[in-house]
>>> print(open('my_file-v6.pdb').read())   # PDB, C-alpha atoms
ATOM      1  CA  MET A   1      72.621   4.865 -71.070
ATOM      2  CA  LYS A   2      71.849   1.449 -72.625
ATOM      3  CA  GLN A   3      71.813  -0.133 -69.164
ATOM      4  CA  ASN A   4      69.362   2.463 -67.849
ATOM      5  CA  THR A   5      67.149   1.928 -70.889
ATOM      6  CA  LEU A   6      67.157  -1.836 -70.326
ATOM      7  CA  LEU A   7      66.250  -1.396 -66.660
ATOM      8  CA  THR A   8      63.391   0.914 -67.620
ATOM      9  CA  VAL A   9      62.026  -1.623 -70.092
ATOM     10  CA  LEU A  10      62.213  -4.390 -67.493
ATOM     11  CA  LEU A  11      60.430  -2.269 -64.901
ATOM     12  CA  VAL A  12      57.652  -1.414 -67.353
ATOM     13  CA  LYS A  13      57.193  -5.108 -68.154
ATOM     14  CA  LEU A  14      57.079  -6.026 -64.476
ATOM     15  CA  LEU A  15      54.516  -3.313 -63.792
ATOM     16  CA  PHE A  16      52.414  -4.562 -66.708
ATOM     17  CA  VAL A  17      52.481  -8.125 -65.399
ATOM     18  CA  TYR A  18      51.639  -6.991 -61.881
ATOM     19  CA  SER A  19      48.737  -4.865 -63.142
ATOM     20  CA  ALA A  20      47.362  -7.804 -65.096
ATOM     21  CA  LEU A  21      47.501 -10.044 -62.053
ATOM     22  CA  ALA A  22      45.981  -7.416 -59.784
ATOM     23  CA  ALA A  23      43.119  -6.881 -62.226
ATOM     24  CA  GLU A  24      42.190 -10.559 -62.535
ATOM     25  CA  ASN A  25      38.451 -10.971 -62.866
ATOM     26  CA  VAL A  26      36.736 -12.603 -59.901
ATOM     27  CA  ARG A  27      34.816 -15.816 -60.609
ATOM     28  CA  ALA A  28      33.402 -16.860 -57.252
ATOM     29  CA  ILE A  29      31.062 -19.357 -55.675
ATOM     30  CA  PHE A  30      29.854 -19.638 -52.091
ATOM     31  CA  LEU A  31      30.216 -23.095 -50.558
ATOM     32  CA  PHE A  32      27.113 -23.836 -48.490
ATOM     33  CA  LYS A  33      27.538 -27.614 -48.554
ATOM     34  CA  ASP A  34      29.835 -29.460 -46.149
ATOM     35  CA  VAL A  35      33.182 -29.399 -47.966
ATOM     36  CA  MET A  36      33.800 -32.989 -46.894
ATOM     37  CA  LYS A  37      30.832 -34.027 -49.054
ATOM     38  CA  SER A  38      30.942 -31.589 -51.963
ATOM     39  CA  ASN A  39      32.368 -32.227 -55.430
ATOM     40  CA  THR A  40      35.882 -30.913 -54.873
ATOM     41  CA  THR A  41      37.051 -31.661 -58.403
ATOM     42  CA  GLY A  42      34.083 -29.850 -59.920
ATOM     43  CA  LEU A  43      34.745 -26.773 -57.808
ATOM     44  CA  LYS A  44      38.447 -26.738 -58.694
ATOM     45  CA  THR A  45      38.210 -27.301 -62.436
ATOM     46  CA  SER A  46      35.124 -25.447 -63.689
ATOM     47  CA  GLY A  47      36.484 -21.915 -64.006
ATOM     48  CA  PHE A  48      36.076 -20.597 -60.466
ATOM     49  CA  ASN A  49      39.083 -18.802 -58.987
ATOM     50  CA  THR A  50      37.531 -17.846 -55.637
ATOM     51  CA  LEU A  51      35.768 -20.144 -53.156
ATOM     52  CA  ILE A  52      33.971 -18.719 -50.126
ATOM     53  CA  MET A  53      33.152 -21.201 -47.374
ATOM     54  CA  PHE A  54      29.858 -20.218 -45.791
ATOM     55  CA  GLY A  55      28.969 -21.085 -42.220
ATOM     56  CA  ILE A  56      31.885 -19.997 -40.035
ATOM     57  CA  GLY A  57      30.864 -18.610 -36.664
ATOM     58  CA  ILE A  58      32.535 -17.079 -33.635
ATOM     59  CA  LEU A  59      31.465 -18.379 -30.236
ATOM     60  CA  ASP A  60      31.231 -16.152 -27.175
ATOM     61  CA  ASN A  61      34.599 -17.386 -25.847
ATOM     62  CA  GLY A  62      36.432 -16.675 -29.110
ATOM     63  CA  ASP A  63      36.368 -20.229 -30.437
ATOM     64  CA  ILE A  64      35.571 -20.652 -34.143
ATOM     65  CA  LYS A  65      33.015 -23.169 -35.417
ATOM     66  CA  TYR A  66      32.321 -24.535 -38.889
ATOM     67  CA  TYR A  67      28.612 -25.100 -39.534
ATOM     68  CA  SER A  68      28.200 -27.852 -42.114
ATOM     69  CA  ASN A  69      24.654 -26.958 -43.297
ATOM     70  CA  THR A  70      24.337 -30.479 -44.723
ATOM     71  CA  PRO A  71      22.103 -33.374 -43.645
ATOM     72  CA  GLY A  72      24.150 -36.088 -41.992
ATOM     73  CA  SER A  73      27.061 -33.770 -41.199
ATOM     74  CA  GLN A  74      27.997 -32.305 -37.844
ATOM     75  CA  ASP A  75      29.061 -28.810 -36.895
ATOM     76  CA  VAL A  76      32.625 -28.761 -35.614
ATOM     77  CA  VAL A  77      34.780 -26.368 -33.592
ATOM     78  CA  VAL A  78      37.815 -25.746 -35.772
ATOM     79  CA  ALA A  79      39.898 -23.380 -33.635
ATOM     80  CA  SER A  80      40.158 -23.158 -29.857
ATOM     81  CA  GLY A  81      42.820 -22.085 -27.380
ATOM     82  CA  GLY A  82      44.928 -20.603 -30.168
ATOM     83  CA  ALA A  83      45.190 -23.912 -32.015
ATOM     84  CA  TYR A  84      43.514 -25.611 -34.946
ATOM     85  CA  VAL A  85      41.296 -28.429 -33.619
ATOM     86  CA  GLY A  86      39.150 -29.259 -36.659
ATOM     87  CA  GLY A  87      40.928 -32.473 -37.562
ATOM     88  CA  ALA A  88      43.491 -33.368 -40.197
ATOM     89  CA  ALA A  89      40.971 -34.632 -42.765
ATOM     90  CA  LEU A  90      39.053 -31.357 -42.849
ATOM     91  CA  ALA A  91      42.235 -29.293 -43.048
ATOM     92  CA  GLU A  92      43.552 -31.440 -45.882
ATOM     93  CA  LYS A  93      40.276 -31.107 -47.778
ATOM     94  CA  VAL A  94      40.176 -27.312 -47.455
ATOM     95  CA  ARG A  95      43.837 -26.906 -48.407
ATOM     96  CA  SER A  96      43.295 -29.097 -51.458
ATOM     97  CA  PHE A  97      41.100 -26.453 -53.092
ATOM     98  CA  LYS A  98      44.217 -24.477 -54.016
ATOM     99  CA  THR A  99      46.595 -27.326 -54.871
ATOM    100  CA  ASN A 100      47.348 -29.574 -57.845
ATOM    101  CA  ASP A 101      44.886 -29.362 -60.771
ATOM    102  CA  THR A 102      42.919 -26.255 -59.807
ATOM    103  CA  GLY A 103      41.915 -22.808 -60.984
ATOM    104  CA  VAL A 104      41.298 -21.631 -57.417
ATOM    105  CA  ASN A 105      43.752 -19.077 -56.078
ATOM    106  CA  ARG A 106      41.738 -17.481 -53.292
ATOM    107  CA  LEU A 107      39.885 -19.071 -50.390
ATOM    108  CA  GLU A 108      37.637 -17.133 -48.015
ATOM    109  CA  ILE A 109      35.478 -17.972 -45.030
ATOM    110  CA  SER A 110      32.121 -16.244 -44.592
ATOM    111  CA  MET A 111      30.590 -15.319 -41.250
ATOM    112  CA  ASN A 112      28.064 -13.029 -39.613
ATOM    113  CA  SER A 113      28.898 -10.603 -36.786
ATOM    114  CA  GLN A 114      27.620 -12.630 -33.844
ATOM    115  CA  HIS A 115      29.755 -11.967 -30.711
ATOM    116  CA  VAL A 116      32.133  -9.633 -32.593
ATOM    117  CA  LYS A 117      31.103  -6.485 -30.712
ATOM    118  CA  ASN A 118      31.526  -8.069 -27.266
ATOM    119  CA  LEU A 119      34.863  -9.675 -28.113
ATOM    120  CA  MET A 120      36.231  -6.429 -29.560
ATOM    121  CA  ALA A 121      35.375  -4.705 -26.276
ATOM    122  CA  ARG A 122      36.839  -7.462 -24.114
ATOM    123  CA  PRO A 123      39.440  -8.889 -24.390
ATOM    124  CA  SER A 124      39.969  -6.728 -27.532
ATOM    125  CA  THR A 125      42.397  -7.522 -30.371
ATOM    126  CA  GLY A 126      45.845  -8.174 -28.946
ATOM    127  CA  SER A 127      47.949 -10.952 -30.444
ATOM    128  CA  ASP A 128      47.624 -12.866 -27.177
ATOM    129  CA  THR A 129      43.811 -12.892 -27.177
ATOM    130  CA  PRO A 130      41.922 -16.118 -27.951
ATOM    131  CA  LEU A 131      40.182 -14.698 -31.022
ATOM    132  CA  TYR A 132      43.388 -13.392 -32.606
ATOM    133  CA  ARG A 133      45.230 -16.653 -31.957
ATOM    134  CA  ASN A 134      42.324 -18.754 -33.231
ATOM    135  CA  PHE A 135      42.062 -16.858 -36.504
ATOM    136  CA  ALA A 136      45.831 -17.072 -36.938
ATOM    137  CA  ALA A 137      45.738 -20.832 -36.366
ATOM    138  CA  LEU A 138      42.833 -21.322 -38.777
ATOM    139  CA  LYS A 139      44.520 -19.259 -41.484
ATOM    140  CA  GLU A 140      47.599 -21.427 -41.316
ATOM    141  CA  ALA A 141      45.709 -24.735 -41.143
ATOM    142  CA  TRP A 142      43.398 -23.948 -44.071
ATOM    143  CA  THR A 143      45.697 -21.591 -46.078
ATOM    144  CA  LEU A 144      42.996 -18.911 -46.004
ATOM    145  CA  ASP A 145      43.195 -15.596 -47.828
ATOM    146  CA  ALA A 146      40.223 -13.584 -46.591
ATOM    147  CA  VAL A 147      37.288 -13.327 -44.201
ATOM    148  CA  ASN A 148      33.922 -12.407 -45.677
ATOM    149  CA  ASN A 149      31.395 -10.361 -43.695
ATOM    150  CA  ASP A 150      27.824 -11.544 -44.276
ATOM    151  CA  ASP A 151      26.308  -9.288 -41.610
ATOM    152  CA  GLU A 152      22.581  -8.908 -42.292
ATOM    153  CA  SER A 153      21.331  -7.676 -38.929
ATOM    154  CA  LEU A 154      23.787  -6.116 -36.450
ATOM    155  CA  TYR A 155      25.612  -3.532 -38.566
ATOM    156  CA  ASP A 156      27.896  -2.122 -35.861
ATOM    157  CA  VAL A 157      30.526  -0.075 -37.672
ATOM    158  CA  ALA A 158      33.012   0.528 -34.851
ATOM    159  CA  SER A 159      33.415  -3.092 -33.746
ATOM    160  CA  THR A 160      33.463  -4.346 -37.340
ATOM    161  CA  VAL A 161      36.287  -1.943 -38.252
ATOM    162  CA  THR A 162      38.259  -3.028 -35.185
ATOM    163  CA  PHE A 163      37.713  -6.694 -36.046
ATOM    164  CA  ALA A 164      38.737  -6.234 -39.695
ATOM    165  CA  LYS A 165      41.916  -4.414 -38.695
ATOM    166  CA  MET A 166      42.773  -7.292 -36.352
ATOM    167  CA  LEU A 167      42.309  -9.755 -39.200
ATOM    168  CA  SER A 168      44.487  -7.592 -41.445
ATOM    169  CA  LYS A 169      47.337  -7.805 -38.934
ATOM    170  CA  ILE A 170      47.075 -11.590 -39.101
ATOM    171  CA  GLY A 171      47.313 -11.455 -42.890
ATOM    172  CA  TYR A 172      43.706 -11.731 -44.016
ATOM    173  CA  LYS A 173      41.915  -9.574 -46.555
ATOM    174  CA  TYR A 174      38.393  -8.518 -45.573
ATOM    175  CA  THR A 175      35.354  -8.602 -47.867
ATOM    176  CA  GLY A 176      31.630  -7.871 -47.690
ATOM    177  CA  ALA A 177      28.471  -9.565 -48.963
ATOM    178  CA  PRO A 178      25.822  -6.836 -48.750
ATOM    179  CA  TYR A 179      22.266  -6.861 -49.952
ATOM    180  CA  THR A 180      21.113  -3.670 -48.212
ATOM    181  CA  ASN A 181      22.189  -0.877 -45.807
ATOM    182  CA  ILE A 182      24.679   0.718 -48.178
ATOM    183  CA  ARG A 183      25.711   3.347 -45.632
ATOM    184  CA  PHE A 184      27.115   0.661 -43.345
ATOM    185  CA  TRP A 185      29.299  -0.738 -46.133
ATOM    186  CA  GLN A 186      30.349   2.745 -47.198
ATOM    187  CA  SER A 187      31.511   3.446 -43.651
ATOM    188  CA  LEU A 188      33.534   0.232 -43.505
ATOM    189  CA  LEU A 189      35.261   0.931 -46.802
ATOM    190  CA  SER A 190      36.079   4.530 -45.992
ATOM    191  CA  GLN A 191      37.537   3.701 -42.574
ATOM    192  CA  LEU A 192      39.353   0.478 -43.463
ATOM    193  CA  ASN A 193      40.880   1.652 -46.746
ATOM    194  CA  ALA A 194      41.676   5.260 -45.843
ATOM    195  CA  GLY A 195      45.005   6.245 -47.423
ATOM    196  CA  LEU A 196      45.517   2.776 -48.933
ATOM    197  CA  LYS A 197      45.670   1.530 -52.516
ATOM    198  CA  GLU A 198      45.760  -1.879 -54.169
ATOM    199  CA  PRO A 199      47.240  -4.295 -53.275
ATOM    200  CA  ASN A 200      47.270  -2.990 -49.706
ATOM    201  CA  LEU A 201      43.541  -2.443 -49.193
ATOM    202  CA  VAL A 202      42.154  -4.011 -46.027
ATOM    203  CA  MET A 203      38.683  -4.445 -47.544
ATOM    204  CA  ASP A 204      39.303  -5.363 -51.159
ATOM    205  CA  ARG A 205      36.075  -6.967 -52.427
ATOM    206  CA  MET A 206      32.301  -6.514 -52.294
ATOM    207  CA  TYR A 207      30.128  -9.470 -53.263
ATOM    208  CA  LEU A 208      26.734  -7.889 -53.947
ATOM    209  CA  GLN A 209      23.667 -10.080 -53.409
ATOM    210  CA  CYS A 210      21.397  -9.690 -56.436
ATOM    211  CA  TYR A 211      18.752 -12.220 -55.376
ATOM    212  CA  ASP A 212      16.125 -12.603 -52.642
ATOM    213  CA  GLY A 213      16.307  -9.433 -50.509
ATOM    214  CA  GLY A 214      18.774  -7.943 -52.975
ATOM    215  CA  ALA A 215      16.911  -8.982 -56.126
ATOM    216  CA  ASN A 216      16.464  -5.373 -57.243
ATOM    217  CA  ASN A 217      20.037  -4.297 -56.583
ATOM    218  CA  ASN A 218      21.794  -2.477 -59.409
ATOM    219  CA  PRO A 219      25.512  -3.399 -59.390
ATOM    220  CA  ALA A 220      26.525  -0.205 -61.189
ATOM    221  CA  GLY A 221      24.680   1.920 -58.652
ATOM    222  CA  TRP A 222      26.283   0.134 -55.730
ATOM    223  CA  ALA A 223      29.730   0.389 -57.314
ATOM    224  CA  SER A 224      29.306   4.110 -57.831
ATOM    225  CA  ASN A 225      28.128   4.730 -54.276
ATOM    226  CA  LEU A 226      30.740   2.481 -52.663
ATOM    227  CA  GLY A 227      33.650   3.706 -54.755
ATOM    228  CA  ILE A 228      34.761   0.141 -55.493
ATOM    229  CA  LYS A 229      33.916  -2.369 -58.199
ATOM    230  CA  VAL A 230      31.451  -5.012 -57.047
ATOM    231  CA  VAL A 231      31.042  -8.732 -57.717
ATOM    232  CA  PRO A 232      27.312  -9.397 -58.281
ATOM    233  CA  LEU A 233      26.026 -12.699 -56.909
ATOM    234  CA  ILE A 234      23.266 -14.733 -58.548
ATOM    235  CA  TRP A 235      21.401 -17.649 -56.953
ATOM    236  CA  VAL A 236      21.578 -20.806 -59.051
ATOM    237  CA  THR A 237      18.516 -22.910 -59.850
ATOM    238  CA  ASN A 238      17.116 -24.147 -56.527
ATOM    239  CA  ASP A 239      14.034 -25.586 -54.831
ATOM    240  CA  SER A 240      14.245 -23.394 -51.741
ATOM    241  CA  LYS A 241      13.144 -20.149 -53.399
ATOM    242  CA  PRO A 242      12.753 -21.114 -57.062
ATOM    243  CA  VAL A 243      11.623 -17.633 -58.071
ATOM    244  CA  TYR A 244      15.189 -16.419 -57.507
ATOM    245  CA  GLY A 245      16.805 -19.382 -59.259
ATOM    246  CA  THR A 246      18.875 -18.724 -62.374
ATOM    247  CA  THR A 247      20.002 -21.171 -65.037
ATOM    248  CA  ALA A 248      23.564 -21.008 -66.344
ATOM    249  CA  ALA A 249      22.325 -19.447 -69.579
ATOM    250  CA  GLN A 250      20.304 -16.835 -67.697
ATOM    251  CA  ALA A 251      23.302 -16.120 -65.464
ATOM    252  CA  ARG A 252      25.509 -15.464 -68.474
ATOM    253  CA  SER A 253      22.925 -13.067 -69.875
ATOM    254  CA  LYS A 254      22.634 -11.177 -66.582
ATOM    255  CA  PHE A 255      26.388 -10.911 -66.071
ATOM    256  CA  SER A 256      26.869  -9.770 -69.654
ATOM    257  CA  SER A 257      24.208  -7.086 -69.314
ATOM    258  CA  TRP A 258      25.587  -5.788 -66.028
ATOM    259  CA  ASN A 259      29.110  -5.812 -67.430
ATOM    260  CA  GLN A 260      28.115  -3.224 -70.026
ATOM    261  CA  GLN A 261      28.285  -0.704 -67.188
ATOM    262  CA  ARG A 262      31.884   0.442 -67.467
ATOM    263  CA  ASN A 263      34.105   0.114 -64.388
ATOM    264  CA  ALA A 264      31.298  -1.303 -62.253
ATOM    265  CA  LEU A 265      32.142  -4.993 -61.968
ATOM    266  CA  ALA A 266      35.190  -6.849 -60.683
ATOM    267  CA  GLY A 267      33.716 -10.186 -61.770
ATOM    268  CA  GLY A 268      30.725 -12.324 -60.863
ATOM    269  CA  GLY A 269      29.692 -15.161 -58.582
ATOM    270  CA  TYR A 270      27.062 -17.576 -57.330
ATOM    271  CA  TRP A 271      25.104 -18.610 -54.330
ATOM    272  CA  ASN A 272      25.664 -21.682 -53.939
ATOM    273  CA  ASP A 273      27.300 -25.094 -54.486
ATOM    274  CA  TYR A 274      24.769 -27.043 -52.382
ATOM    275  CA  ASP A 275      21.958 -26.261 -54.824
ATOM    276  CA  ILE A 276      24.079 -27.079 -57.861
ATOM    277  CA  GLU A 277      24.675 -30.572 -56.505
ATOM    278  CA  LYS A 278      21.202 -31.092 -55.039
ATOM    279  CA  MET A 279      19.509 -30.070 -58.293
ATOM    280  CA  LYS A 280      22.027 -32.112 -60.333
ATOM    281  CA  LEU A 281      23.200 -29.057 -62.225
ATOM    282  CA  SER A 282      26.553 -28.574 -63.918
ATOM    283  CA  TYR A 283      29.519 -26.777 -62.359
ATOM    284  CA  LYS A 284      31.014 -26.621 -65.851
ATOM    285  CA  ASP A 285      27.982 -24.776 -67.232
ATOM    286  CA  TYR A 286      27.873 -22.207 -64.446
ATOM    287  CA  GLY A 287      31.639 -21.779 -64.541
ATOM    288  CA  ALA A 288      31.545 -21.292 -68.314
ATOM    289  CA  ALA A 289      28.989 -18.505 -67.900
ATOM    290  CA  LEU A 290      31.493 -16.663 -65.736
ATOM    291  CA  THR A 291      34.557 -17.282 -67.880
ATOM    292  CA  ALA A 292      32.667 -16.115 -70.973
ATOM    293  CA  VAL A 293      31.953 -12.718 -69.424
ATOM    294  CA  PHE A 294      34.919 -12.413 -67.046
ATOM    295  CA  PRO A 295      37.824 -14.251 -68.736
TER
END
>>> encode(input="my_file-v6.pdb", output="structure tokens")
Amino acid sequence: MKQNTLLTVLLVKLLFVYSALAAENVRAIFLFKDVMKSNTTGLKTSGFNTLIMFGIGILDNGDIKYYSNTPGSQDVVVASGGAYVGGAALAEKVRSFKTNDTGVNRLEISMNSQHVKNLMARPSTGSDTPLYRNFAALKEAWTLDAVNNDDESLYDVASTVTFAKMLSKIGYKYTGAPYTNIRFWQSLLSQLNAGLKEPNLVMDRMYLQCYDGGANNNPAGWASNLGIKVVPLIWVTNDSKPVYGTTAAQARSKFSSWNQQRNALAGGGYWNDYDIEKMKLSYKDYGAALTAVFP
């Protein structure tokens, strides 16, 4: 009897620890700047636990390219022929986000849906296809956790579901970054997560754009309609579209206000690191805004 009681207590404690880990608040930032030139230490030590590398694209032959989006940098093919070909320095830099003195425990790559529909039709998703092998190679080289869908134009449900399921077989999670077309994202969630629960969801996060085209988005409304907590994204102070820029103090106020909506948010995040560095802003300040609301 005593032994059974002890085992029960241990199981309850383990379940409590697991639940705490599974419910960790998301504190994310999209990386628009070439990671070879960004402030790696600032990104690792300012409170962010999720980094999302923007600018990954699929070519028509299934190769994968990293678009640097930074003056003086060059775009580079990072996976081809089922192998990582992006160079040791880039791989070491990306892997370093989750090693040594860091708060980062999740690394994603963000892409649109260019060429996905054609490649899902032919040659499809087998483990011997170029696209499957390239994503497998990139995951291993960069220690990736998820692929983020930043589709803002094509919105083809069938091919996107097929693609996400392929990525899931490789070991990736799949996430979205919507600003509109809620029915598309509802369809993805319902088909990809049917019959599944955490931690086995295929599509486990939604980063909701609350700036520019999504400036009027209500996170609580989206969460209710999607059936999943969302991570609202705010654009930091910038000189590209200053009207959508947000100071760290303003960001904290927005996140705090949105977080009053019970069970709507899974955390918060920013677009993007390039503007923080260009405008000589503080990673610490923006990170602190997140940790204050989503500890």
>>> residues_around(input="my_file-v6.pdb", residues="A:Val26", least_positions_apart="6", cutoff="12 Å", atoms="all atoms listed in the file", output="MDAnalysis selection string")
chainID A and resid 47:52 103:107 204:207 229:233 265:270 287 290:291 293:295
>>> closest_residue(input="my_file-v6.pdb", among="A:Lys44, A:Arg95, A:His115, A:Arg262", to="A:Asp151", atoms="all atoms listed in the file")
A:His115
>>> atom_distance(input="my_file-v6.pdb", atom1="atom CA of A:Gly176", atom2="atom CA of A:Leu208")
7.9 Å
>>> resolve_selection(input="my_file-v6.pdb", expression="the PyMOL selection byres ((chain A and resi 53-64) around 8)", output="MDAnalysis selection string")
chainID A and resid 30:32 51:52 65:69 77:81 107:112 114:116 119 130:131 134:135
>>> closest_residue(input="my_file-v6.pdb", among="A:Thr125, A:Thr237, A:Ser257, A:Ser73", to="A:Thr160", atoms="all atoms listed in the file")
A:Thr125
>>> closest_residue(input="my_file-v6.pdb", among="A:Asn100, A:Asn272, A:Asn149, A:Asn217", to="A:Lys173", atoms="only C-alpha atoms")
A:Asn149
>>> axis_aligned_box(input="my_file-v6.pdb", around="stretch 121-127 of chain A", padding_each_side="4 Å", output="AutoDock Vina command-line options")
--center_x 41.7 --center_y -7.8 --center_z -27.3 --size_x 20.6 --size_y 14.2 --size_z 14.3
>>> resolve_selection(input="my_file-v6.pdb", expression="the PyMOL selection byres ((chain A and resi 34) around 6)", output="list of chain:residue names")
A:Lys33, A:Val35, A:Met36, A:Lys37, A:Ser68, A:Thr70
>>> write_last_selection(input="my_file-v6.pdb", atoms="C-alpha atoms", output="JSON list (two decimals), in the coordinates of the input")
[["chain", "number", "residue", "atom", "x", "y", "z"],
["A", 33, "LYS", "CA", 27.54, -27.61, -48.55],
["A", 35, "VAL", "CA", 33.18, -29.40, -47.97],
["A", 36, "MET", "CA", 33.80, -32.99, -46.89],
["A", 37, "LYS", "CA", 30.83, -34.03, -49.05],
["A", 68, "SER", "CA", 28.20, -27.85, -42.11],
["A", 70, "THR", "CA", 24.34, -30.48, -44.72]]
>>> closest_residue(input="my_file-v6.pdb", among="A:Met166, A:Ala215, A:Ala248, A:Ala146", to="A:Thr180", atoms="only C-alpha atoms")
A:Ala215
>>> closest_residue(input="my_file-v6.pdb", among="A:Glu152, A:Asp212, A:Asp273, A:Glu24", to="A:Phe184", atoms="all atoms listed in the file")
A:Glu152
>>> atom_distance(input="my_file-v6.pdb", atom1="atom CA of A:Ala220", atom2="atom CA of A:Trp258")
7.4 Å
>>> decode(input="my_file-v6.pdb", residues="stretch 109-116 of chain A", atoms="all heavy atoms", output="PDB file, in the first residue's frame")
ATOM      1  N   ILE A 109      12.123  28.241 -38.597  1.00  0.00           N
ATOM      2  CA  ILE A 109      12.388  28.946 -39.848  1.00  0.00           C
ATOM      3  C   ILE A 109      11.049  29.336 -40.447  1.00  0.00           C
ATOM      4  O   ILE A 109      10.080  28.588 -40.368  1.00  0.00           O
ATOM      5  CB  ILE A 109      13.202  28.097 -40.846  1.00  0.00           C
ATOM      6  CG1 ILE A 109      12.568  26.724 -41.058  1.00  0.00           C
ATOM      7  CG2 ILE A 109      14.647  27.967 -40.393  1.00  0.00           C
ATOM      8  CD1 ILE A 109      13.251  25.884 -42.128  1.00  0.00           C
ATOM      9  N   SER A 110      10.987  30.530 -41.036  1.00  0.00           N
ATOM     10  CA  SER A 110       9.732  31.049 -41.571  1.00  0.00           C
ATOM     11  C   SER A 110       9.812  31.153 -43.088  1.00  0.00           C
ATOM     12  O   SER A 110      10.809  31.619 -43.633  1.00  0.00           O
ATOM     13  CB  SER A 110       9.430  32.426 -40.969  1.00  0.00           C
ATOM     14  OG  SER A 110       8.194  32.926 -41.433  1.00  0.00           O
ATOM     15  N   MET A 111       8.744  30.741 -43.757  1.00  0.00           N
ATOM     16  CA  MET A 111       8.734  30.704 -45.212  1.00  0.00           C
ATOM     17  C   MET A 111       7.325  30.963 -45.731  1.00  0.00           C
ATOM     18  O   MET A 111       6.343  30.827 -45.014  1.00  0.00           O
ATOM     19  CB  MET A 111       9.210  29.338 -45.705  1.00  0.00           C
ATOM     20  CG  MET A 111       8.435  28.167 -45.118  1.00  0.00           C
ATOM     21  SD  MET A 111       8.868  26.579 -45.824  1.00  0.00           S
ATOM     22  CE  MET A 111       8.039  26.715 -47.417  1.00  0.00           C
ATOM     23  N   ASN A 112       7.249  31.348 -47.015  1.00  0.00           N
ATOM     24  CA  ASN A 112       5.946  31.430 -47.663  1.00  0.00           C
ATOM     25  C   ASN A 112       5.644  30.090 -48.343  1.00  0.00           C
ATOM     26  O   ASN A 112       6.324  29.099 -48.087  1.00  0.00           O
ATOM     27  CB  ASN A 112       5.901  32.598 -48.658  1.00  0.00           C
ATOM     28  CG  ASN A 112       6.948  32.482 -49.755  1.00  0.00           C
ATOM     29  OD1 ASN A 112       7.333  31.380 -50.157  1.00  0.00           O
ATOM     30  ND2 ASN A 112       7.426  33.622 -50.246  1.00  0.00           N
ATOM     31  N   SER A 113       4.648  30.053 -49.202  1.00  0.00           N
ATOM     32  CA  SER A 113       4.241  28.771 -49.806  1.00  0.00           C
ATOM     33  C   SER A 113       4.656  28.633 -51.263  1.00  0.00           C
ATOM     34  O   SER A 113       4.122  27.781 -51.989  1.00  0.00           O
ATOM     35  CB  SER A 113       2.715  28.605 -49.681  1.00  0.00           C
ATOM     36  OG  SER A 113       2.338  28.447 -48.335  1.00  0.00           O
ATOM     37  N   GLN A 114       5.594  29.442 -51.698  1.00  0.00           N
ATOM     38  CA  GLN A 114       6.058  29.366 -53.083  1.00  0.00           C
ATOM     39  C   GLN A 114       6.572  27.969 -53.407  1.00  0.00           C
ATOM     40  O   GLN A 114       7.390  27.413 -52.674  1.00  0.00           O
ATOM     41  CB  GLN A 114       7.167  30.398 -53.312  1.00  0.00           C
ATOM     42  CG  GLN A 114       7.570  30.589 -54.755  1.00  0.00           C
ATOM     43  CD  GLN A 114       6.501  31.310 -55.570  1.00  0.00           C
ATOM     44  OE1 GLN A 114       5.705  32.060 -55.016  1.00  0.00           O
ATOM     45  NE2 GLN A 114       6.475  31.085 -56.853  1.00  0.00           N
ATOM     46  N   HIS A 115       6.070  27.380 -54.494  1.00  0.00           N
ATOM     47  CA  HIS A 115       6.462  26.071 -55.028  1.00  0.00           C
ATOM     48  C   HIS A 115       5.952  24.876 -54.210  1.00  0.00           C
ATOM     49  O   HIS A 115       6.161  23.728 -54.609  1.00  0.00           O
ATOM     50  CB  HIS A 115       7.989  25.947 -55.172  1.00  0.00           C
ATOM     51  CG  HIS A 115       8.597  26.988 -56.055  1.00  0.00           C
ATOM     52  ND1 HIS A 115       8.215  27.165 -57.368  1.00  0.00           N
ATOM     53  CD2 HIS A 115       9.571  27.909 -55.813  1.00  0.00           C
ATOM     54  CE1 HIS A 115       8.914  28.156 -57.899  1.00  0.00           C
ATOM     55  NE2 HIS A 115       9.731  28.623 -56.980  1.00  0.00           N
ATOM     56  N   VAL A 116       5.294  25.123 -53.075  1.00  0.00           N
ATOM     57  CA  VAL A 116       4.826  24.009 -52.251  1.00  0.00           C
ATOM     58  C   VAL A 116       3.793  23.167 -52.988  1.00  0.00           C
ATOM     59  O   VAL A 116       3.874  21.934 -53.014  1.00  0.00           O
ATOM     60  CB  VAL A 116       4.242  24.522 -50.914  1.00  0.00           C
ATOM     61  CG1 VAL A 116       3.497  23.405 -50.184  1.00  0.00           C
ATOM     62  CG2 VAL A 116       5.342  25.076 -50.030  1.00  0.00           C
TER      63      VAL A 116
END
